[in-house]
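Text of coords-v3.tsv (TSV, C-alpha atoms) as supplied:
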```tsv
chain	number	residue	atom	x	y	z
A	196	MET	CA	-90.71	199.33	226.47
A	197	THR	CA	-91.34	197.86	229.93
A	198	SER	CA	-94.04	199.08	232.29
A	199	ASP	CA	-91.42	201.18	234.13
A	200	ASP	CA	-90.11	202.92	230.99
A	201	GLY	CA	-91.42	206.09	229.45
A	202	ILE	CA	-93.51	208.88	230.95
A	203	ARG	CA	-97.00	208.63	232.42
A	204	LEU	CA	-99.59	209.44	229.80
A	205	GLN	CA	-101.32	212.14	231.86
A	206	LYS	CA	-97.98	213.94	232.32
A	207	VAL	CA	-97.27	213.79	228.58
A	208	LEU	CA	-100.71	215.28	227.86
A	209	ALA	CA	-100.14	218.03	230.42
A	210	GLN	CA	-96.72	218.88	228.97
A	211	ALA	CA	-98.28	219.05	225.50
A	212	GLY	CA	-100.74	221.65	226.77
A	213	VAL	CA	-103.82	219.47	226.37
A	214	ALA	CA	-104.99	219.78	229.97
A	215	SER	CA	-103.79	219.74	233.56
A	216	ARG	CA	-102.73	216.33	234.88
A	217	ARG	CA	-106.00	215.99	236.78
A	218	ALA	CA	-108.05	216.95	233.72
A	219	ALA	CA	-105.93	214.60	231.60
A	220	GLU	CA	-106.81	211.76	233.97
A	221	GLU	CA	-110.48	212.58	233.45
A	222	LEU	CA	-109.99	212.44	229.67
A	223	ILE	CA	-108.30	209.04	230.01
A	224	ALA	CA	-111.02	207.72	232.32
A	225	ALA	CA	-113.67	208.81	229.82
A	226	GLY	CA	-112.00	206.81	227.05
A	227	ARG	CA	-111.18	209.94	225.04
A	228	VAL	CA	-107.46	209.22	224.69
A	229	SER	CA	-105.85	206.67	222.39
A	230	VAL	CA	-102.22	205.63	222.00
A	231	ASP	CA	-101.06	204.00	218.78
A	232	GLY	CA	-104.64	203.45	217.72
A	233	LYS	CA	-105.91	201.87	220.96
A	234	VAL	CA	-108.07	203.55	223.60
A	235	VAL	CA	-106.33	203.87	226.97
A	236	ASN	CA	-108.28	204.10	230.20
A	237	GLU	CA	-105.70	203.24	232.88
A	238	PHE	CA	-103.79	206.04	234.61
A	239	GLY	CA	-100.55	204.07	234.94
A	240	ARG	CA	-99.90	203.84	231.20
A	241	ARG	CA	-96.43	205.05	230.25
A	242	VAL	CA	-95.47	206.16	226.75
A	243	ASP	CA	-92.41	207.26	224.83
A	244	PRO	CA	-93.16	210.79	223.57
A	245	ASP	CA	-90.68	210.35	220.72
A	246	THR	CA	-92.57	207.44	219.18
A	247	ALA	CA	-96.13	207.32	220.58
A	248	VAL	CA	-99.00	208.47	218.37
A	249	ILE	CA	-101.54	210.03	220.73
A	250	HIS	CA	-105.04	211.22	219.88
A	251	VAL	CA	-107.55	213.05	222.09
A	252	ASP	CA	-111.13	212.98	220.83
A	253	GLY	CA	-109.75	211.70	217.53
A	254	VAL	CA	-107.37	214.64	217.04
A	255	ARG	CA	-103.61	214.00	216.91
A	256	VAL	CA	-101.64	215.62	219.73
A	257	VAL	CA	-98.03	216.66	219.16
A	258	VAL	CA	-96.05	215.52	222.20
A	259	ARG	CA	-92.51	215.89	220.86
A	260	ASN	CA	-91.02	219.19	221.99
A	261	ASP	CA	-88.48	219.31	219.16
A	262	LEU	CA	-91.09	219.74	216.42
A	263	VAL	CA	-91.99	223.23	215.25
A	264	TYR	CA	-95.02	224.39	213.25
A	265	LEU	CA	-95.09	228.00	212.06
A	266	ALA	CA	-97.26	230.21	209.86
A	267	LEU	CA	-95.64	233.02	207.87
A	268	ASN	CA	-97.58	235.75	206.11
A	269	LYS	CA	-95.21	235.95	203.15
A	270	PRO	CA	-94.97	239.44	201.70
A	271	ARG	CA	-94.98	240.12	197.99
A	272	GLY	CA	-91.47	240.07	196.53
A	273	VAL	CA	-90.17	237.40	198.91
A	274	HIS	CA	-88.98	234.16	197.31
A	275	SER	CA	-90.06	230.76	198.67
A	276	THR	CA	-86.55	229.50	199.36
A	277	MET	CA	-84.58	229.13	202.58
A	278	SER	CA	-81.59	230.93	201.02
A	279	ASP	CA	-80.93	232.84	197.83
A	280	ASP	CA	-77.51	233.01	196.19
A	281	ARG	CA	-78.51	236.21	194.40
A	282	GLY	CA	-79.23	238.01	197.65
A	283	ARG	CA	-82.95	238.42	197.01
A	284	PRO	CA	-85.40	238.48	199.98
A	285	CYS	CA	-86.42	234.93	200.84
A	286	VAL	CA	-88.42	232.95	203.41
A	287	GLY	CA	-85.21	231.89	205.16
A	288	ASP	CA	-84.62	235.51	206.19
A	289	TYR	CA	-87.59	235.29	208.58
A	290	VAL	CA	-86.24	232.28	210.51
A	291	ARG	CA	-82.52	233.01	210.30
A	292	ASP	CA	-82.16	233.25	214.08
A	293	ARG	CA	-83.97	229.99	214.87
A	294	THR	CA	-81.93	226.93	215.81
A	295	GLU	CA	-84.23	224.37	214.15
A	296	ARG	CA	-83.62	223.24	210.59
A	297	LEU	CA	-86.89	224.46	209.09
A	298	PHE	CA	-88.26	224.16	205.59
A	299	HIS	CA	-91.31	225.59	203.86
A	300	VAL	CA	-94.29	223.39	203.00
A	301	GLY	CA	-94.88	223.98	199.32
A	302	ARG	CA	-94.25	227.43	197.89
A	303	LEU	CA	-95.76	230.70	196.79
A	304	ASP	CA	-94.33	232.54	193.82
A	305	ALA	CA	-92.56	235.82	194.55
A	306	ASP	CA	-95.53	237.95	193.44
A	307	THR	CA	-98.02	236.06	195.64
A	308	GLU	CA	-98.59	236.97	199.28
A	309	GLY	CA	-100.07	235.07	202.17
A	310	LEU	CA	-99.99	231.91	204.21
A	311	LEU	CA	-96.92	229.70	204.06
A	312	LEU	CA	-96.26	226.93	206.57
A	313	LEU	CA	-92.79	226.16	207.92
A	314	THR	CA	-91.84	223.10	209.96
A	315	ASN	CA	-89.17	220.55	210.73
A	316	ASP	CA	-91.73	217.71	210.66
A	317	GLY	CA	-90.78	216.00	207.41
A	318	ASP	CA	-93.56	213.39	207.49
A	319	LEU	CA	-96.34	215.95	207.86
A	320	ALA	CA	-94.77	218.27	205.26
A	321	HIS	CA	-94.50	215.47	202.72
A	322	ARG	CA	-98.14	214.50	203.13
A	323	LEU	CA	-99.38	218.09	203.01
A	324	MET	CA	-97.62	218.54	199.66
A	325	HIS	CA	-98.68	215.21	198.15
A	326	PRO	CA	-101.71	215.58	195.84
A	327	SER	CA	-103.22	212.25	196.95
A	328	PHE	CA	-104.23	213.77	200.31
A	329	VAL	CA	-106.35	216.54	198.69
A	330	VAL	CA	-105.34	219.30	201.11
A	331	LEU	CA	-107.42	222.35	200.22
A	332	LYS	CA	-105.82	225.77	199.79
A	333	THR	CA	-107.81	229.00	199.57
A	334	TYR	CA	-106.78	232.11	197.62
A	335	LEU	CA	-108.18	235.61	197.20
A	336	ALA	CA	-107.45	237.02	193.75
A	337	GLU	CA	-108.01	240.54	192.47
A	338	VAL	CA	-108.93	240.38	188.78
A	339	ASN	CA	-110.58	242.46	186.10
A	340	GLY	CA	-114.36	242.44	186.39
A	341	PRO	CA	-117.18	241.92	185.96
A	342	ILE	CA	-117.22	238.12	186.39
A	343	PRO	CA	-119.73	236.20	184.24
A	344	ARG	CA	-121.92	233.77	186.17
A	345	THR	CA	-120.68	230.92	184.00
A	346	ILE	CA	-117.06	231.24	185.20
A	347	GLY	CA	-117.63	229.34	188.47
A	348	ARG	CA	-119.17	226.34	186.73
A	349	GLN	CA	-116.47	226.42	184.05
A	350	LEU	CA	-113.71	226.32	186.66
A	351	ARG	CA	-115.41	223.58	188.69
A	352	ASP	CA	-115.94	221.47	185.56
A	353	GLY	CA	-112.26	221.77	184.71
A	354	ILE	CA	-109.93	223.72	182.45
A	355	GLU	CA	-107.43	222.18	180.05
A	356	LEU	CA	-103.98	223.72	180.58
A	357	GLU	CA	-100.77	222.96	178.72
A	358	ASP	CA	-99.70	220.51	181.45
A	359	GLY	CA	-103.09	218.81	181.81
A	360	PRO	CA	-106.61	219.47	183.08
A	361	VAL	CA	-107.36	221.09	186.42
A	362	ALA	CA	-110.59	221.85	188.28
A	363	VAL	CA	-111.16	224.05	191.30
A	364	ASP	CA	-112.88	222.67	194.40
A	365	ALA	CA	-114.82	225.89	194.99
A	366	PHE	CA	-115.17	229.36	193.51
A	367	ARG	CA	-117.08	232.48	194.49
A	368	VAL	CA	-117.14	236.18	193.77
A	369	VAL	CA	-116.44	238.06	197.00
A	370	ASP	CA	-116.84	241.58	195.60
A	371	SER	CA	-117.21	243.23	192.22
A	372	SER	CA	-117.32	246.94	191.38
A	373	GLY	CA	-115.85	249.46	188.97
A	374	GLY	CA	-114.18	247.00	186.63
A	375	ARG	CA	-112.51	245.18	189.50
A	376	ALA	CA	-113.47	241.91	191.17
A	377	LEU	CA	-112.27	239.96	194.18
A	378	VAL	CA	-112.73	236.21	193.84
A	379	GLU	CA	-112.06	233.29	196.15
A	380	VAL	CA	-110.56	230.13	194.66
A	381	VAL	CA	-110.25	226.84	196.58
A	382	LEU	CA	-108.26	223.97	195.13
A	383	HIS	CA	-105.95	221.14	196.10
A	384	GLU	CA	-103.67	221.34	193.06
A	385	GLY	CA	-100.07	222.34	193.70
A	386	ARG	CA	-98.75	223.05	190.23
A	387	ASN	CA	-96.71	226.20	189.64
A	388	HIS	CA	-98.73	229.41	189.21
A	389	ILE	CA	-101.89	227.31	189.01
A	390	VAL	CA	-104.34	229.99	190.21
A	391	ARG	CA	-102.86	232.64	187.92
A	392	ARG	CA	-102.89	230.30	184.93
A	393	LEU	CA	-106.47	229.18	185.57
A	394	LEU	CA	-107.87	232.67	185.85
A	395	ALA	CA	-105.90	233.90	182.86
A	396	GLU	CA	-107.26	230.99	180.83
A	397	VAL	CA	-110.85	232.10	181.50
A	398	GLY	CA	-110.07	235.70	180.61
A	399	HIS	CA	-109.45	237.23	184.05
A	400	PRO	CA	-105.69	237.60	184.64
A	401	VAL	CA	-104.68	238.13	188.26
A	402	ARG	CA	-103.66	241.57	189.51
A	403	ASN	CA	-102.96	240.54	193.10
A	404	LEU	CA	-103.05	237.13	194.78
A	405	VAL	CA	-103.10	236.14	198.47
A	406	ARG	CA	-103.28	232.64	199.94
A	407	THR	CA	-105.57	232.88	202.95
A	408	GLN	CA	-105.98	229.29	204.16
A	409	ILE	CA	-104.40	225.82	204.12
A	410	ALA	CA	-106.75	223.08	205.36
A	411	ASP	CA	-108.17	224.64	208.58
A	412	VAL	CA	-105.24	227.00	209.19
A	413	ARG	CA	-106.27	230.56	208.37
A	414	LEU	CA	-104.20	233.67	207.74
A	415	GLY	CA	-106.78	235.85	209.46
A	416	GLY	CA	-105.46	239.22	210.55
A	417	GLN	CA	-101.83	238.13	210.72
A	418	ARG	CA	-99.59	241.04	209.74
A	419	SER	CA	-97.57	240.82	206.51
A	420	GLY	CA	-94.06	239.54	207.22
A	421	SER	CA	-94.99	238.18	210.66
A	422	LEU	CA	-94.38	234.67	211.93
A	423	ARG	CA	-96.48	232.82	214.49
A	424	ALA	CA	-96.57	229.36	216.04
A	425	LEU	CA	-99.60	227.27	215.13
A	426	ASN	CA	-101.84	226.42	218.07
A	427	ARG	CA	-102.75	222.88	219.09
A	428	PRO	CA	-106.12	222.73	217.23
A	429	GLU	CA	-104.47	224.04	214.05
A	430	ILE	CA	-101.71	221.42	214.22
A	431	GLY	CA	-104.28	218.74	214.93
A	432	SER	CA	-106.32	219.82	211.91
A	433	LEU	CA	-103.27	219.45	209.65
A	434	PHE	CA	-102.64	215.94	210.92
A	435	ALA	CA	-106.31	215.10	210.39
A	436	ALA	CA	-106.17	216.46	206.84
A	437	VAL	CA	-103.46	213.94	205.91
A	438	ASP	CA	-104.67	210.99	208.03
A	439	LEU	CA	-101.85	211.10	210.60
```
Rewritten as structure tokens:
Amino acid sequence: MTSDDGIRLQKVLAQAGVASRRAAEELIAAGRVSVDGKVVNEFGRRVDPDTAVIHVDGVRVVVRNDLVYLALNKPRGVHSTMSDDRGRPCVGDYVRDRTERLFHVGRLDADTEGLLLLTNDGDLAHRLMHPSFVVLKTYLAEVNGPIPRTIGRQLRDGIELEDGPVAVDAFRVVDSSGGRALVEVVLHEGRNHIVRRLLAEVGHPVRNLVRTQIADVRLGGQRSGSLRALNRPEIGSLFAAVDL
């Protein structure tokens, strides 16, 4: 690319919603912007938004306007597929009217509710699903109580399942009363039904299960069945989680 090709960096940052052009110039002047791994401090720098990797304060900025990042609060009974030849409710039903070719990042079984990411960014999706990047996922599980104090240590030390050992990254009891307990499980494993199998193995089969967080993206108060676009810090946190 010659010096006359591409778009001025401050305009690209403004179009990406990082800051106004004037504020973007201040970011550049302060050495807070890098392109393809190198700090840029001249205002005349031009970049190709389709290929440039831009970071502000070390956080990746998405500058391509064709990439989509969505969070779905998947209801119970909905299958994690983009279509279903048996006519069952599926994730694809929620994005049927969108023009992008979207796919879900990982899956939740039909009986599990909660956070599911959808995107057309294949590189990010692949990394988020690859176990080598240790992307943490948080679940709230309703189980039979009470919960012995030894369960947390047992799960953190590791449980031997039929397809190999697995250990949680964190575990805590959120609430416990009347023979019912609500526990939070954090792990980076992606095997099928892993949370249900783990808790059943230690004697506390799951009644209800909700995924509440992936990396730094939280479900929060998002209504069941609703779809929302991730904001810039959330997208940046996903890139940071997989070293992009």
Using all atoms listed in the file, find the one residue out of A:Asp280, A:Ser327, A:Val286, A:Arg344 that sits nearest to Ala266 in chain A.
-> A:Val286
Skip range 351-354 of chain A itself and residues of its chain fewer than 3 positions away, then list as a list in words all residues within 10 Å of it, counting all atoms listed in the file.
->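 So the residues in contact are Ile346, Gly347, Arg348, Glu357, Gly359, Pro360, Val361, Ala362, Val363, Asp364, Ala365, Phe366, Val381, Leu382, Arg392, Leu393, Leu394, Glu396 and Val397 of chain A.
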Which of these residues is nearest to Pro326 in chain A, using only C-alpha atoms: A:Asp411, A:Glu384, A:Glu308, A:Asp231?
->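 Smallest distance to Pro326 in chain A is found for A:Glu384.
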Length of the CA of Glu237 in chain A to CA of Asp252 in chain A vector [Å] =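 Taking CA of Glu237 in chain A as the start and CA of Asp252 in chain A as the end point, the length is 16.4 Å.
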Residue neighbourhood Leu204 in chain A, 10 Å, only C-alpha atoms, exclusion window fewer than 4 positions, as a PyMOL selection string = chain A and resi 208-210+216+219-220+223+228+230+235+237-244+249
Those same residues, written as a short mmCIF file (atom, residue, chain, number, x, y, z; two decimals), in the coordinates of the input with C-alpha atoms?
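The result, written out as out_22.cif:
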```
data_model
loop_
_atom_site.label_atom_id
_atom_site.label_comp_id
_atom_site.auth_asym_id
_atom_site.auth_seq_id
_atom_site.Cartn_x
_atom_site.Cartn_y
_atom_site.Cartn_z
CA LEU A 208 -100.71 215.28 227.86
CA ALA A 209 -100.14 218.03 230.42
CA GLN A 210 -96.72 218.88 228.97
CA ARG A 216 -102.73 216.33 234.88
CA ALA A 219 -105.93 214.60 231.60
CA GLU A 220 -106.81 211.76 233.97
CA ILE A 223 -108.30 209.04 230.01
CA VAL A 228 -107.46 209.22 224.69
CA VAL A 230 -102.22 205.63 222.00
CA VAL A 235 -106.33 203.87 226.97
CA GLU A 237 -105.70 203.24 232.88
CA PHE A 238 -103.79 206.04 234.61
CA GLY A 239 -100.55 204.07 234.94
CA ARG A 240 -99.90 203.84 231.20
CA ARG A 241 -96.43 205.05 230.25
CA VAL A 242 -95.47 206.16 226.75
CA ASP A 243 -92.41 207.26 224.83
CA PRO A 244 -93.16 210.79 223.57
CA ILE A 249 -101.54 210.03 220.73
#
```
Spatial neighbours of Gly309 in chain A, 7 Å, only C-alpha atoms, chain gap at least 6 places, as a CSV table (one decimal) with C-alpha atoms, in the frame of the given file:
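And here is the file that came out, selection.csv:
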```
chain,number,residue,atom,x,y,z
A,268,ASN,CA,-97.6,235.8,206.1
A,269,LYS,CA,-95.2,236.0,203.2
A,270,PRO,CA,-95.0,239.4,201.7
A,405,VAL,CA,-103.1,236.1,198.5
A,406,ARG,CA,-103.3,232.6,199.9
A,407,THR,CA,-105.6,232.9,203.0
```
Considering only C-alpha atoms, return as an MDAnalysis selection string whatever protein or nucleic-acid residues lie within 12 Å of Gly317 in chain A, sequence-local ones (same chain, fewer than 6 positions apart) excluded.
-> chainID A and resid 262:264 296:300 323:324
